[in-house]
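Chemist: Have a look at the structure that comes next, please.
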Amino acid sequence: MAITSDLRNVPLIGQAIQRLCSLTPLSDVDAHQIALCVVEAVNNAIVHAYGREAEHEVQVIFDQHSDRLIVQICDAGQAMDPKHLAPQTSSPLDFDPHCLERIPERGMGLAIIRKTMDEVTYTTSHGRNILTLTRFLTSCQSSIKRSEG
Amino acid sequence: MQLDQRRAGDALIVTPLEDRLDARVAADFKERMIELIASGNTVIVLDLSKVEFIDSSGLGAIVSSLKRMGGRGELVVCGLRETTMTLFKLTRMDRVFQVFDSEQQAVSALSGDKG
C-alpha cells in the first residue's frame, strides 16, 4: 500500500496494518503496537526523509510468513543516519523519571520501534530507503525480550 | 482538535474528543494545553478515555504540557485503555505521570494530596 507524504494519510496506514495483524496469531495489544511502529516509521519518512513536503510517496509492504511478520516502510527522501539504529546508541527512553527536564518530548519513535520489534534494519539503495521491521510470531524469544524491556 | 473542559473542584478535567492523539494533531493539542496552563490551571486531569491511539508525537505533547507546569502543579492522566497504557509503560511514562483508572479516582486523589 502507498500514501502521499501527508500526516493526514498516516491513520489509514495504521488502521490497515492493525487490521492485517489482527488476522495473525498476535494479540490485539500486539497488533496495536505493531501498527504504532509502522505509524512511527511513516511519520519519520514524512517529517525527516521528505521534510514534510507533500506529494511524495511512502510505500508500506506487509508480508506474513509462517513464523514472522515483516513490514517494510519505503521512501525516496533524505536517508536516515544509520547511527540511529546502532546497537550501542543510547535510547531516549533511558531517562530519569524524576528529572523533569530530561523526560523526552521527541525522538521517541525509533526507540519505540526498537523496543517493540524483534529485528530492525535500514538500507538505502539507488535513492530508495527501506526500513524493515520484523516480528516473530512463534518464538518465545520475542515475548521474553519485551517482558524484559 | 476538540477538547472538552470542565471543573471538578479545583481540578480542570480535559478530555480530548478525538480517537487519535497523533502527529496530525499533536501541535494543536500542545498549544491548547499550554493555553490552559498559562491561564492559571495548575491542577489538570487529562482524561484519555476517548483516545484509542497515541503515537510518540502525541505522547511528546503530553510531556511538553507537564514540563510547562514547571513542577508547580499537577497534571495527571486517567482513562487509559489497555493499548494506550502499553505505550505509557513501554516509554516509561507510567513512572512520570500519575495514572488513574477513572476521573473520579484522579480527582479524589488530588483532593487528598491537598489535605
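We name chains A, B, ... following the order of the C-alpha cells; residues begin at 1 in each chain, and ligands are numbered from 1 as shown.
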Could you give me, as a PyMOL selection string, each residue of chain A that DSSP assigns to alpha helix (DSSP H) when run on this structure's backbone?

Modeler: chain A and resi 10-21+28-44+109-116+140-148

Chemist: How close does each residue of chain A get to chain B, giving the shortest atom pair and distance in Å to one decimal for every residue with an atom at most 6 Å away, counting only C-alpha atoms, sorted by chain and residue number, as a tab-separated table?

Modeler:
```
residue	atom	partner	partner_atom	distance
A:Leu7	CA	B:Arg24	CA	5.6
A:Val29	CA	B:Thr83	CA	5.6
A:Leu93	CA	B:Thr91	CA	5.8
A:Pro97	CA	B:Val96	CA	5.3
A:Glu105	CA	B:Gly60	CA	4.1
A:Arg106	CA	B:Gly60	CA	5.7
A:Met108	CA	B:Ser56	CA	5.8
A:Gly109	CA	B:Ser56	CA	5.6
```

Chemist: Between A:Thr124, A:Thr4, A:Thr24, A:Thr132, which is the closest to Ile46 of chain A once you count only C-alpha atoms?

Modeler: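 Nearest candidate to Ile46 of chain A out of A:Thr124, A:Thr4, A:Thr24, A:Thr132: A:Thr4.
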
Chemist: One number please: atom CA of Lys30 of chain B to atom CA of Ser90 of chain A, in Å, one decimal.

Modeler: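 Atom-to-atom, atom CA of Lys30 of chain B and atom CA of Ser90 of chain A are spaced 26.8 Å apart.
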
Chemist: Tell me, which residues of chain B carry DSSP strand (DSSP E), written as a list in words?

Modeler: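 In chain B, DSSP puts these residues in strand (DSSP E): Leu3, Asp4, Gln5, Arg6, Arg7, Ala8, Ala11, Leu12, Ile13, Val14, Thr15, Pro16, Arg20, Leu21, Val43, Ile44, Val45, Leu46, Asp47, Phe53, Ile54, Glu74, Leu75, Val76, Val77, Cys78, Val99 and Phe100 of chain B.
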
Chemist: Write the residues you've just listed into a file as a PDB file, in the first residue's frame, and include C-alpha atoms for each of them.

Modeler:
```
ATOM      1  CA  LEU B   3     -11.109  19.304  23.822  1.00  0.00           C
ATOM      2  CA  ASP B   4     -13.862  19.072  26.391  1.00  0.00           C
ATOM      3  CA  GLN B   5     -13.124  21.081  29.544  1.00  0.00           C
ATOM      4  CA  ARG B   6     -14.955  21.150  32.828  1.00  0.00           C
ATOM      5  CA  ARG B   7     -14.272  21.750  36.502  1.00  0.00           C
ATOM      6  CA  ALA B   8     -14.335  19.191  39.290  1.00  0.00           C
ATOM      7  CA  ALA B  11      -9.217  20.367  39.054  1.00  0.00           C
ATOM      8  CA  LEU B  12      -9.782  21.047  35.393  1.00  0.00           C
ATOM      9  CA  ILE B  13     -10.815  17.911  33.553  1.00  0.00           C
ATOM     10  CA  VAL B  14      -9.569  17.981  29.980  1.00  0.00           C
ATOM     11  CA  THR B  15     -10.938  15.334  27.624  1.00  0.00           C
ATOM     12  CA  PRO B  16      -9.664  15.137  24.049  1.00  0.00           C
ATOM     13  CA  ARG B  20      -6.243   9.563  17.818  1.00  0.00           C
ATOM     14  CA  LEU B  21      -3.674  11.767  19.548  1.00  0.00           C
ATOM     15  CA  VAL B  43      -4.398  21.006  38.607  1.00  0.00           C
ATOM     16  CA  ILE B  44      -5.321  19.207  35.396  1.00  0.00           C
ATOM     17  CA  VAL B  45      -6.742  15.738  34.907  1.00  0.00           C
ATOM     18  CA  LEU B  46      -6.176  14.602  31.335  1.00  0.00           C
ATOM     19  CA  ASP B  47      -8.937  12.120  30.551  1.00  0.00           C
ATOM     20  CA  PHE B  53      -4.355   5.605  19.620  1.00  0.00           C
ATOM     21  CA  ILE B  54      -1.414   7.716  20.814  1.00  0.00           C
ATOM     22  CA  GLU B  74      -0.326  18.591  38.884  1.00  0.00           C
ATOM     23  CA  LEU B  75      -1.015  17.019  35.517  1.00  0.00           C
ATOM     24  CA  VAL B  76      -2.341  13.510  35.934  1.00  0.00           C
ATOM     25  CA  VAL B  77      -3.763  11.057  33.436  1.00  0.00           C
ATOM     26  CA  CYS B  78      -6.846   8.872  33.617  1.00  0.00           C
ATOM     27  CA  VAL B  99      -2.140   7.326  36.121  1.00  0.00           C
ATOM     28  CA  PHE B 100      -5.658   6.679  37.439  1.00  0.00           C
TER      29      PHE B 100
END
```

Chemist: Mind checking which residues fall within 10 Å of Gly51 of chain A, counting only C-alpha atoms, ignoring those fewer than 6 positions away in the same chain, and posting them as a VMD selection string?

Modeler: chain A and resid 5 44 to 45 77 to 78

Chemist: Quick one, how far is atom CA of Asp30 of chain A from atom CA of Met85 of chain B?

Modeler: 12.6 Å
